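The next block holds one structure in the form of structure tokens; read it before the comments.
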Amino acid sequence: MAWSSLGTQFCLEIGFGVLAALAFVPKAPVGAFFYRIMGTTAMVPLLVATVVPVLVGQAAWTDLTVLAGLIALISYPLYSGPMRGWRWGAGLGLAMVGTIIALASSLSASTEIEGAGQLAIASLSALATGTVAGSVALAMVLGHWYLTVPNLAVRHLERLNKVTIVSMILSLAFVGITCWTFMDKFEGEEASLFGMWGLFHLGTRVTVGLLLPLLFAGMTSSSLRCKNTRSATGILYASTVLVLIGTAVSISLQDSYGVPL
């Protein structure tokens, strides 16, 4: 079975994004089943990122990426079950910390990034990408919950939609910071990022994965101001597809240029 470090990174980004989004719906009266579903949605990619590299012989159980991933996995019963309050928050926080360490370790081992500064920028860029995907997807699922819990306050979805907007703006900022920080590397590649094809793929990443979803997030806000959760959910569904395409293009760009974009 072939496995790439980019596969590990993609899974860690998605897992972190869902965990980060869950932190903004701690008290929503949606029932334990919602948290079980979304907790499992985070756990599955984390499980793949932690276990598959070991099974295919690309990592050892003692590697930092694997150990940090295991920390995130053992927290699953705390943040995915009926447990609420500080125990839920502690479990979620522990899982997020473990995922951040695993992602930074994976980037350090699999890229040509040099120095703590460059690693920090690359890690933050990857985490922002994951948060966009996780928050939009979780908002879309939460929107569907209004069909089964009609009296659920709209403010819960409004709050999560604001998280998606902030995460998209941060991701855009980190794409710009990354392009500036690694400019020499990008220009030195055989196919420069700032050449025709490089800019085409980067433009697709930014337009499809961030700018259009940002526009959709504004449309979602308008729908929620009118208490129209069904329209908002439909918009979030379309946004989820665009964001996942953008995330895939981000991984493709990293495969070409060695840095998360």
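Chain lettering (A, B, ...) mirrors the order of the structure tokens, residue numbering begins at 1 for each chain separately, and ligand numbering begins at 1 in order of display.
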For Ala153 of chain A, work out the shell of residues within 10 Å, counting only C-alpha atoms and skipping chain neighbours fewer than 3 positions away, then give it as a tab-separated table (two decimals) with N, CA and C atoms, in the first residue's frame.
```
chain	number	residue	atom	x	y	z
A	28	ALA	N	-24.41	24.12	22.63
A	28	ALA	CA	-25.59	24.02	21.76
A	28	ALA	C	-26.41	22.79	22.15
A	29	PRO	N	-27.72	22.95	22.36
A	29	PRO	CA	-28.56	21.82	22.78
A	29	PRO	C	-28.93	20.92	21.60
A	146	TYR	N	-31.25	21.83	12.40
A	146	TYR	CA	-32.45	22.65	12.59
A	146	TYR	C	-33.69	21.96	12.03
A	149	VAL	N	-34.35	19.78	15.22
A	149	VAL	CA	-34.53	20.58	16.44
A	149	VAL	C	-34.97	21.97	16.01
A	150	PRO	N	-36.24	22.13	15.64
A	150	PRO	CA	-36.71	23.40	15.05
A	150	PRO	C	-36.54	24.60	15.97
A	156	HIS	N	-26.39	29.88	17.35
A	156	HIS	CA	-25.34	28.85	17.32
A	156	HIS	C	-24.75	28.73	15.91
A	157	LEU	N	-25.61	28.75	14.91
A	157	LEU	CA	-25.12	28.67	13.53
A	157	LEU	C	-24.49	29.99	13.10
A	158	GLU	N	-25.02	31.11	13.60
A	158	GLU	CA	-24.43	32.41	13.31
A	158	GLU	C	-22.99	32.47	13.84
A	227	LYS	N	-33.51	34.46	9.68
A	227	LYS	CA	-33.88	33.21	10.36
A	227	LYS	C	-34.16	32.07	9.37
```
Next on the checklist: Can you pull out every residue from segment 89-165 of chain A that DSSP, working from the backbone, puts in alpha helix (DSSP H), and format the result as a PyMOL selection string?
Outcome noted: chain A and resi 89-110+115-145+155-165
Checklist entry - Please, what distance in Å, to one decimal, runs between atom CA of Ala49 of chain A and atom CA of Phe186 of chain A? => result 27.5 Å
Checklist entry - To one decimal place, how far is atom CA of Leu160 of chain A from atom CA of Leu138 of chain A in Å? => result 8.3 Å
Checklist entry - For Cys226 of chain A, which residue out of A:Arg155, A:Val259, A:Leu172, A:Met96 is the nearest one, using only C-alpha atoms? => result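 Of the candidates, the smallest distance to Cys226 of chain A is held by A:Arg155.
The closest residue to Ser192 of chain A, picked from A:Leu170, A:Ala128, A:Leu253, A:Leu215 and counting only C-alpha atoms, is A:Leu253.
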Sort by chain and increasing residue number a table of all residues of segment 127-164 of chain A within 12 Å of segment 101-122 of chain A, each with its closest pair of atoms and their distance in Å to one decimal, counting only C-alpha atoms, and write it as a Markdown table.
```
| residue | atom | partner | partner_atom | distance |
| --- | --- | --- | --- | --- |
| A:Leu127 | CA | A:Leu103 | CA | 8.2 |
| A:Ala128 | CA | A:Ala122 | CA | 9.9 |
| A:Thr129 | CA | A:Ala122 | CA | 10.7 |
| A:Gly130 | CA | A:Leu103 | CA | 10.8 |
```
Export, as a PDB file, in the first residue's frame, the selected residues with N, CA and C atoms.
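Full text of part.pdb as output:
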```pdb
ATOM      1  N   LEU A 127      -2.739  24.727   9.327  1.00  0.00           N
ATOM      2  CA  LEU A 127      -3.814  24.700  10.323  1.00  0.00           C
ATOM      3  C   LEU A 127      -4.980  25.583   9.895  1.00  0.00           C
ATOM      4  N   ALA A 128      -4.679  26.745   9.299  1.00  0.00           N
ATOM      5  CA  ALA A 128      -5.737  27.633   8.821  1.00  0.00           C
ATOM      6  C   ALA A 128      -6.529  26.969   7.696  1.00  0.00           C
ATOM      7  N   THR A 129      -5.820  26.280   6.803  1.00  0.00           N
ATOM      8  CA  THR A 129      -6.498  25.559   5.723  1.00  0.00           C
ATOM      9  C   THR A 129      -7.445  24.515   6.290  1.00  0.00           C
ATOM     10  N   GLY A 130      -6.967  23.769   7.279  1.00  0.00           N
ATOM     11  CA  GLY A 130      -7.806  22.754   7.902  1.00  0.00           C
ATOM     12  C   GLY A 130      -8.993  23.346   8.626  1.00  0.00           C
TER      13      GLY A 130
END
```
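The space separating atom CA of Leu78 of chain A from atom CA of Ala95 of chain A comes to 9.5 Å.
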